[in-house]
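Chemist: Below you'll find entry.pdb; it's PDB, C-alpha atoms, pLDDT in the B column.
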ATOM      1  CA  MET K  20     -79.287   5.755  26.972  1.00 62.00           C
ATOM      2  CA  ARG K  21     -76.883   3.892  24.719  1.00 65.00           C
ATOM      3  CA  MET K  22     -77.182   4.156  20.958  1.00 65.00           C
ATOM      4  CA  ARG K  23     -77.209   0.770  19.240  1.00 70.00           C
ATOM      5  CA  THR K  24     -75.381   0.246  15.953  1.00 71.00           C
ATOM      6  CA  PHE K  25     -76.405  -2.310  13.351  1.00 70.00           C
ATOM      7  CA  VAL K  26     -74.601  -3.433  10.203  1.00 65.00           C
ATOM      8  CA  ALA K  27     -76.531  -5.621   7.778  1.00 63.00           C
ATOM      9  CA  GLY K  28     -79.045  -6.451  10.495  1.00 71.00           C
ATOM     10  CA  GLN K  29     -76.430  -7.501  13.071  1.00 71.00           C
ATOM     11  CA  GLU K  30     -75.691  -5.420  16.159  1.00 79.00           C
ATOM     12  CA  ALA K  31     -72.103  -4.252  16.569  1.00 73.00           C
ATOM     13  CA  PHE K  32     -70.793  -4.080  20.142  1.00 78.00           C
ATOM     14  CA  GLY K  33     -67.860  -1.701  19.822  1.00 75.00           C
ATOM     15  CA  ASP K  34     -65.654  -0.084  17.215  1.00 75.00           C
ATOM     16  CA  ILE K  35     -63.699  -3.192  16.251  1.00 72.00           C
ATOM     17  CA  GLU K  36     -66.821  -5.287  15.789  1.00 75.00           C
ATOM     18  CA  PHE K  37     -68.389  -2.482  13.746  1.00 73.00           C
ATOM     19  CA  THR K  38     -65.334  -2.440  11.457  1.00 71.00           C
ATOM     20  CA  GLU K  39     -65.399  -6.213  11.079  1.00 71.00           C
ATOM     21  CA  LEU K  40     -69.087  -6.221  10.205  1.00 69.00           C
ATOM     22  CA  ALA K  41     -68.854  -3.228   7.882  1.00 70.00           C
ATOM     23  CA  LEU K  42     -65.744  -4.354   6.019  1.00 68.00           C
ATOM     24  CA  GLY K  43     -66.036  -8.108   6.391  1.00 71.00           C
ATOM     25  CA  ILE K  44     -62.481  -8.231   7.725  1.00 79.00           C
ATOM     26  CA  ASP K  45     -61.343  -9.795  11.011  1.00 82.00           C
ATOM     27  CA  VAL K  46     -58.682  -7.286  12.025  1.00 81.00           C
ATOM     28  CA  ASP K  47     -56.946  -9.663  14.470  1.00 85.00           C
ATOM     29  CA  LEU K  48     -56.565 -12.300  11.753  1.00 86.00           C
ATOM     30  CA  PHE K  49     -54.392 -10.014   9.641  1.00 86.00           C
ATOM     31  CA  ARG K  50     -52.865  -7.678  12.239  1.00 85.00           C
ATOM     32  CA  GLY K  51     -52.479 -10.155  15.060  1.00 85.00           C
ATOM     33  CA  PRO K  52     -53.966 -10.002  18.536  1.00 83.00           C
ATOM     34  CA  LEU K  53     -53.037  -7.294  21.022  1.00 77.00           C
ATOM     35  CA  GLU K  54     -51.863  -9.890  23.537  1.00 80.00           C
ATOM     36  CA  SER K  55     -48.974 -12.258  22.870  1.00 82.00           C
ATOM     37  CA  GLU K  56     -49.498 -15.499  20.956  1.00 86.00           C
ATOM     38  CA  THR K  57     -47.478 -18.697  20.724  1.00 89.00           C
ATOM     39  CA  GLY K  58     -45.378 -19.421  17.676  1.00 89.00           C
ATOM     40  CA  ASP K  59     -47.775 -22.193  16.620  1.00 94.00           C
ATOM     41  CA  ASP K  60     -50.796 -19.901  17.028  1.00 92.00           C
ATOM     42  CA  ARG K  61     -49.079 -17.192  15.027  1.00 89.00           C
ATOM     43  CA  ALA K  62     -48.140 -19.599  12.229  1.00 92.00           C
ATOM     44  CA  ALA K  63     -51.713 -20.927  12.036  1.00 94.00           C
ATOM     45  CA  ARG K  64     -53.168 -17.391  12.039  1.00 91.00           C
ATOM     46  CA  GLU K  65     -50.777 -16.238   9.319  1.00 91.00           C
ATOM     47  CA  ASP K  66     -51.564 -19.306   7.168  1.00 93.00           C
ATOM     48  CA  ALA K  67     -55.285 -18.612   7.484  1.00 93.00           C
ATOM     49  CA  ALA K  68     -54.728 -14.918   6.716  1.00 91.00           C
ATOM     50  CA  ARG K  69     -52.745 -15.773   3.569  1.00 92.00           C
ATOM     51  CA  ASP K  70     -55.545 -18.067   2.387  1.00 94.00           C
ATOM     52  CA  VAL K  71     -58.238 -15.444   3.022  1.00 91.00           C
ATOM     53  CA  LEU K  72     -56.136 -12.728   1.375  1.00 92.00           C
ATOM     54  CA  ALA K  73     -55.560 -14.922  -1.701  1.00 95.00           C
ATOM     55  CA  ASP K  74     -59.317 -15.511  -1.954  1.00 94.00           C
ATOM     56  CA  LEU K  75     -60.030 -11.780  -1.653  1.00 91.00           C
ATOM     57  CA  VAL K  76     -57.457 -10.938  -4.321  1.00 95.00           C
ATOM     58  CA  ALA K  77     -58.896 -13.572  -6.669  1.00 96.00           C
ATOM     59  CA  MET K  78     -62.424 -12.280  -6.136  1.00 94.00           C
ATOM     60  CA  GLY K  79     -61.221  -8.724  -6.722  1.00 95.00           C
ATOM     61  CA  GLU K  80     -59.503  -9.707  -9.955  1.00 96.00           C
ATOM     62  CA  ALA K  81     -62.715 -11.457 -11.044  1.00 97.00           C
ATOM     63  CA  GLY K  82     -64.575  -8.150 -10.766  1.00 96.00           C
ATOM     64  CA  ASP K  83     -65.773  -7.978  -7.145  1.00 94.00           C
ATOM     65  CA  GLU K  84     -64.775  -4.394  -6.315  1.00 93.00           C
ATOM     66  CA  ILE K  85     -65.549  -4.706  -2.593  1.00 87.00           C
ATOM     67  CA  ALA K  86     -63.397  -7.831  -2.285  1.00 89.00           C
ATOM     68  CA  GLY K  87     -60.612  -5.946  -4.063  1.00 93.00           C
ATOM     69  CA  TRP K  88     -60.799  -3.100  -1.530  1.00 90.00           C
ATOM     70  CA  ASP K  89     -60.989  -5.624   1.325  1.00 89.00           C
ATOM     71  CA  ALA K  90     -57.851  -7.285  -0.040  1.00 92.00           C
ATOM     72  CA  LEU K  91     -55.998  -3.967  -0.003  1.00 92.00           C
ATOM     73  CA  TYR K  92     -57.108  -3.277   3.573  1.00 88.00           C
ATOM     74  CA  ALA K  93     -56.241  -6.798   4.758  1.00 89.00           C
ATOM     75  CA  ASP K  94     -52.840  -6.616   3.078  1.00 90.00           C
ATOM     76  CA  ALA K  95     -52.129  -3.279   4.785  1.00 89.00           C
ATOM     77  CA  LEU K  96     -53.099  -4.792   8.157  1.00 85.00           C
ATOM     78  CA  THR K  97     -50.471  -7.519   7.725  1.00 86.00           C
ATOM     79  CA  ARG K  98     -47.828  -4.790   7.695  1.00 83.00           C
ATOM     80  CA  THR K  99     -48.897  -3.204  10.981  1.00 79.00           C
ATOM     81  CA  VAL K 100     -47.922  -3.956  14.549  1.00 68.00           C
ATOM     82  CA  PRO K 101     -50.418  -3.061  17.246  1.00 60.00           C
ATOM     83  CA  PHE K 102     -49.036  -0.158  19.261  1.00 58.00           C
ATOM     84  CA  LEU K 103     -49.509  -1.837  22.647  1.00 53.00           C
ATOM     85  CA  ARG K 104     -47.756  -5.020  21.507  1.00 55.00           C
ATOM     86  CA  SER K 105     -44.836  -3.062  20.035  1.00 52.00           C
ATOM     87  CA  VAL K 106     -44.410  -1.065  23.243  1.00 53.00           C
ATOM     88  CA  ARG K 107     -44.440  -4.246  25.351  1.00 57.00           C
ATOM     89  CA  ALA K 108     -41.830  -5.856  23.101  1.00 58.00           C
ATOM     90  CA  LEU K 109     -39.638  -2.766  23.298  1.00 54.00           C
ATOM     91  CA  ARG K 110     -39.893  -2.576  27.067  1.00 57.00           C
ATOM     92  CA  SER K 111     -39.392  -6.304  27.664  1.00 58.00           C
ATOM     93  CA  GLY K 112     -35.862  -6.038  26.236  1.00 57.00           C
ATOM     94  CA  THR K 113     -34.774  -3.250  28.571  1.00 55.00           C
ATOM     95  CA  GLY K 114     -34.158  -3.119  32.297  1.00 51.00           C
ATOM     96  CA  GLU K 115     -35.558  -0.622  34.750  1.00 53.00           C
ATOM     97  CA  ALA K 116     -34.179   2.864  34.586  1.00 52.00           C
ATOM     98  CA  ALA K 117     -31.861   3.759  37.434  1.00 45.00           C
TER      99      ALA K 117
END
For the file at hand, write its structure as structure tokens.
Modeler:
Amino acid sequence: MRMRTFVAGQEAFGDIEFTELALGIDVDLFRGPLESETGDDRAAREDAARDVLADLVAMGEAGDEIAGWDALYADALTRTVPFLRSVRALRSGTGEAA
């Protein structure tokens, strides 16, 4: 029997979805997807992330404490690189070991 998890009346299907529902933050928007993305996709995602982050900061400065915490979390995510993506990038630049 599987335990079902709900956040604000919506069922979360996995850890990432639970985090997104609980915090209101789309992790991939700020961190980037685990798979590769084109330069255009990355630029569009980063533009959208900057806009959302600016809105969160403004709401936090206006007194919305949760938005302020969300802004801190989102800002921290922009400074991370998913482990799997970083390992792939590292390995793609090297040849096979002899």
Chemist: For the file shown, report as a list in words the outcome of the PyMOL selection byres ((chain K and resi 81-95) around 9) at residue level.
Modeler: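 On the file shown, the PyMOL selection byres ((chain K and resi 81-95) around 9) covers Leu42, Gly43, Ile44, Asp45, Val46, Leu48, Phe49, Arg50, Ala68, Val71, Leu72, Ala73, Asp74, Leu75, Val76, Ala77, Met78, Gly79, Glu80, Leu96, Thr97, Arg98 and Thr99 of chain K.
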Chemist: To one decimal place, how far is atom CA of Thr38 of chain K from atom CA of Arg23 of chain K in Å?
Modeler: 14.6 Å
Chemist: Smallest atom-to-atom distance to Arg64 of chain K: which of K:Glu30, K:Ala41, K:Thr24, K:Gly51, using only C-alpha atoms?
Modeler: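 Answer, going by the shortest atom-to-atom distance: K:Gly51.
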Chemist: Report, in Å to a single decimal, how far apart atom CA of Ala31 of chain K and atom CA of Arg69 of chain K are.
Modeler: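 Interatomic distance here is 26.0 Å.
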Chemist: Give me, please, the distance in Å between atom CA of Asp47 of chain K and atom CA of Asp70 of chain K, quoted to one decimal.
Modeler: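 Atom-to-atom, atom CA of Asp47 of chain K to atom CA of Asp70 of chain K, that is 14.8 Å.
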